[in-house]
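Just final_17.txt here, compact mmCIF, C-alpha atoms:
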# COMPACT_ATOMS: atom_id res chain seq x y z
CA MET F 462 107.94 84.49 98.05
CA TRP F 463 109.03 87.30 100.37
CA VAL F 464 107.81 89.83 97.79
CA PHE F 465 104.23 88.62 98.14
CA ARG F 466 104.46 88.73 101.93
CA THR F 467 105.84 92.26 101.77
CA ILE F 468 103.06 93.40 99.46
CA GLY F 469 100.53 91.75 101.78
CA VAL F 470 101.97 93.62 104.76
CA PHE F 471 101.80 96.90 102.80
CA LEU F 472 98.18 96.22 101.82
CA ALA F 473 97.16 95.32 105.37
CA MET F 474 98.92 98.34 106.84
CA SER F 475 97.43 100.69 104.26
CA LEU F 476 93.93 99.25 104.77
CA ILE F 477 94.14 99.86 108.51
CA ILE F 478 95.44 103.38 107.91
CA ALA F 479 92.80 104.12 105.24
CA ILE F 480 89.85 103.37 107.52
CA PRO F 481 89.71 106.92 109.03
CA ALA F 482 89.93 108.52 105.58
CA GLY F 483 87.25 106.15 104.29
CA LEU F 484 84.95 107.08 107.15
CA ALA F 485 85.62 110.76 106.52
CA SER F 486 84.80 110.31 102.82
CA ILE F 487 81.51 108.61 103.74
CA ILE F 488 80.59 111.48 106.07
CA VAL F 489 81.59 114.13 103.54
CA THR F 490 79.86 112.54 100.55
CA ARG F 491 76.63 111.90 102.41
CA SER F 492 76.29 115.52 103.49
CA GLY F 493 74.10 117.50 101.15
CA ASP F 494 76.24 120.63 101.08
CA PHE F 495 79.33 119.00 99.63
CA ALA F 496 78.10 116.81 96.79
CA TRP F 497 80.68 114.71 94.94
CA LYS F 498 79.09 114.61 91.52
CA ILE F 499 80.63 113.63 88.23
CA PRO F 500 79.57 116.25 85.67
CA ALA F 501 77.62 115.38 82.54
CA HIS F 502 79.87 114.33 79.68
CA ASP F 503 79.29 112.79 76.23
CA GLY F 504 75.56 112.53 76.66
CA ARG F 505 75.75 110.90 80.09
CA PRO F 506 73.81 112.59 82.89
CA GLU F 507 75.43 114.02 85.99
CA MET F 508 75.79 111.36 88.68
CA ARG F 509 77.01 110.99 92.25
CA MET F 510 80.45 109.54 92.81
CA PRO F 511 80.05 105.89 93.87
CA LEU F 512 81.02 105.36 97.48
CA ARG F 513 83.07 102.24 96.71
CA ARG F 514 85.18 104.25 94.23
CA LEU F 515 85.94 106.83 96.91
CA ILE F 516 86.88 104.15 99.43
CA LEU F 517 89.13 102.41 96.90
CA ALA F 518 90.74 105.76 96.02
CA GLY F 519 91.43 106.38 99.69
CA TRP F 520 92.87 102.89 100.10
CA SER F 521 95.08 103.21 97.03
CA GLY F 522 96.29 106.60 98.28
CA SER F 523 97.07 105.08 101.66
CA PHE F 524 98.94 102.21 99.96
CA ALA F 525 100.97 104.70 97.94
CA GLY F 526 101.64 106.75 101.09
CA VAL F 527 102.94 103.71 102.98
CA ILE F 528 105.25 102.81 100.09
CA LEU F 529 106.39 106.43 99.83
CA SER F 530 107.19 106.41 103.56
CA PHE F 531 109.64 103.57 102.95
CA LEU F 532 111.16 105.53 100.08
CA SER F 533 111.39 108.65 102.23
CA LEU F 534 113.13 106.63 104.98
CA PHE F 535 115.88 105.65 102.55
CA VAL F 536 116.21 109.24 101.35
CA ALA F 537 116.38 110.55 104.93
CA CYS F 538 118.97 107.97 105.98
CA TYR F 539 121.09 108.58 102.90
CA SER F 540 120.95 112.37 103.25
CA ASP F 541 121.82 112.10 106.94
CA HIS F 542 124.78 109.90 106.02
CA LEU F 543 125.91 112.41 103.36
CA LEU F 544 125.57 115.44 105.63
CA TYR F 545 127.15 113.84 108.71
CA PRO F 546 129.47 111.01 107.60
CA ASP F 547 131.41 110.95 110.87
CA ARG F 548 128.39 110.09 113.05
CA VAL F 549 127.69 106.51 113.96
CA GLN F 550 124.20 105.27 113.13
CA ASP F 551 122.75 102.85 115.65
CA GLY F 552 120.78 100.83 113.07
CA GLN F 553 117.38 101.63 114.48
CA ALA F 554 116.27 103.81 111.58
CA PRO F 555 113.52 101.39 110.47
CA LEU F 556 111.78 102.07 113.79
CA ALA F 557 111.00 105.52 112.41
CA LEU F 558 108.48 103.80 110.14
CA ILE F 559 106.27 103.23 113.17
CA PHE F 560 105.54 106.96 113.07
CA SER F 561 106.09 107.90 109.44
CA ALA F 562 104.11 105.10 107.73
CA PRO F 563 100.77 106.06 109.34
CA VAL F 564 101.38 109.76 108.75
CA CYS F 565 102.30 109.24 105.09
CA GLY F 566 99.43 106.77 104.68
CA ILE F 567 96.86 109.20 106.02
CA LEU F 568 98.31 112.03 103.92
CA GLY F 569 98.30 109.82 100.84
CA SER F 570 94.69 108.83 101.47
CA ILE F 571 93.60 112.43 101.95
CA PHE F 572 95.50 113.58 98.87
CA ALA F 573 93.98 110.76 96.81
CA LEU F 574 90.51 111.93 97.82
CA VAL F 575 91.49 115.51 97.00
CA GLY F 576 92.72 114.32 93.60
CA VAL F 577 89.45 112.48 92.96
CA ARG F 578 87.55 115.62 93.89
CA LEU F 579 89.69 117.81 91.64
CA PHE F 580 89.96 115.54 88.64
CA SER F 581 86.60 113.76 88.55
CA CYS F 582 84.10 116.11 90.13
CA SER F 583 85.18 119.34 88.45
CA SER F 584 83.34 121.05 85.66
CA THR F 585 84.39 119.90 82.21
CA GLU F 586 85.29 123.45 81.21
CA ARG F 587 87.95 123.88 83.89
CA LEU F 588 91.55 123.39 82.90
CA TRP F 589 92.48 121.20 85.89
CA CYS F 590 89.70 118.65 85.50
CA ALA F 591 90.40 115.13 84.31
CA SER F 592 91.95 114.93 80.89
CA SER F 593 89.34 112.41 79.71
CA MET F 594 86.49 114.81 80.51
CA TYR F 595 88.02 118.14 79.49
CA SER F 596 86.06 119.79 76.68
CA GLY F 597 88.17 122.88 76.09
CA GLN F 598 90.70 123.82 73.42
CA ARG F 599 93.90 123.21 75.42
CA GLN F 600 94.10 119.41 75.68
CA LEU F 601 97.88 119.18 76.09
CA THR F 602 97.92 121.92 78.71
CA ASN F 603 95.15 120.12 80.54
CA ARG F 604 97.04 116.81 80.58
CA LEU F 605 100.23 118.52 81.77
CA THR F 606 98.29 120.34 84.50
CA VAL F 607 96.72 117.09 85.72
CA VAL F 608 100.14 115.38 85.78
CA ALA F 609 101.74 118.35 87.57
CA ILE F 610 99.05 118.46 90.27
CA ALA F 611 99.24 114.69 90.82
CA ALA F 612 103.05 114.85 90.99
CA GLY F 613 102.80 117.74 93.45
CA LEU F 614 100.46 115.76 95.70
CA CYS F 615 102.79 112.72 95.65
CA GLY F 616 105.82 114.96 96.13
CA SER F 617 104.29 116.58 99.18
CA VAL F 618 103.74 113.14 100.77
CA VAL F 619 107.39 112.26 100.10
CA PHE F 620 108.58 115.63 101.42
CA CYS F 621 106.60 115.26 104.66
CA GLY F 622 107.89 111.70 105.02
CA VAL F 623 111.50 112.75 104.46
CA LEU F 624 111.21 115.54 107.03
CA LEU F 625 109.58 113.29 109.60
CA ASN F 626 112.02 110.43 109.02
CA TRP F 627 115.02 112.74 109.07
CA VAL F 628 113.97 114.19 112.41
CA LEU F 629 113.44 110.69 113.80
CA VAL F 630 116.64 109.19 112.32
CA HIS F 631 119.03 112.08 112.91
CA PRO F 632 121.03 111.62 116.11
CA ARG F 633 120.89 114.47 118.57
CA PRO F 634 122.17 117.17 119.01
CA PHE F 635 121.47 118.87 115.71
Reformat the file's structure so that it appears as structure tokens.
Amino acid sequence: MWVFRTIGVFLAMSLIIAIPAGLASIIVTRSGDFAWKIPAHDGRPEMRMPLRRLILAGWSGSFAGVILSFLSLFVACYSDHLLYPDRVQDGQAPLALIFSAPVCGILGSIFALVGVRLFSCSSTERLWCASSMYSGQRQLTNRLTVVAIAAGLCGSVVFCGVLLNWVLVHPRPF
């Protein structure tokens, strides 16, 4: 039962954090200069990216960012314990999540929107576009490139979270 409550807390926290990124995506997509269009593929015409898909992508990125902030807290606490085993921890490390969860959530939301822009709204001839829409000769290279870029975006959220949590958890002086 506690698992469902925890997931509910994560969803609520990520929804609150994703609101600024959702508003930014609405502003960006409605401007005429920066059109988020899915290119024509398999006989389908070019179309605008649906706004609800962008908002859901931002929310899912925020949800992943909040979960990754918890993961980065454990990594930061464990690395601090390994580097300085003689220091006494005061047990208030989870309070660092007050700062790191919103930061990682906003970063995750922004990176999810960047991923949608890269992988869905790119030309079908580009190597880094979505593997389902790529029309070139290097299918395996395309899939590996998409996975590497997505892993890099998730890794950068974890790295920022670990740095922020380590600074907040690490007792002073350095």
Surrounding residues of F:Ile610 excluding itself and chain neighbours under 3 positions, 10 Å, all atoms listed in the file, as a list in words:
Gly576, Leu579, Phe580, Trp589, Leu605, Thr606, Val607, Gly613, Leu614, Cys615 and Gly616 of chain F
In Å, rounded to a single decimal, give me how far atom CA of F:Ala573 is from atom CA of F:Ile528.
14.2 Å
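Taking atom CA of F:Ala557 and atom CA of F:Gly569 as the two end points, the separation is 17.7 Å.
Using only C-alpha atoms, the nearest neighbour of F:Ala525 within the list F:Val464, F:Val608, F:Leu484, F:Val564 is F:Val564.
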For F:Leu532, which residue out of F:Met474, F:Val623, F:Val549, F:Ile480 is the nearest one, using only C-alpha atoms?
F:Val623
Which of F:Ala518, F:Ile559, F:Ala554, F:Leu568 sits closest to F:Ala537 [using all atoms listed in the file]:
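Looking at the shortest contact to F:Ala537, the residue is F:Ala554.
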As an NGL selection string, please: the residues near F:Leu529 (cut-off 8 Å, only C-alpha atoms, same-chain neighbours under 5 positions excluded).
:F and (565 or 618-619 or 622)
To one decimal place in Å, what is the distance between atom CA of F:Gly597 and atom CA of F:Cys582?
16.1 Å
Using all atoms listed in the file, which residue out of F:Ser475, F:Ser581, F:Gln600, F:Ser540 lies closest to F:Pro563?
F:Ser475
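Minimum atom-to-atom distance to F:Ser561, evaluated using only C-alpha atoms, belongs to F:Gly526 out of F:Gly519, F:Gly526, F:Pro481, F:Pro546.
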At a cut-off of 8 Å, using all atoms listed in the file, what residues contact F:Phe531? Leave out same-chain residues fewer than 3 positions from it and give the result as a PyMOL selection string.
chain F and resi 527-528+534-535+558+562
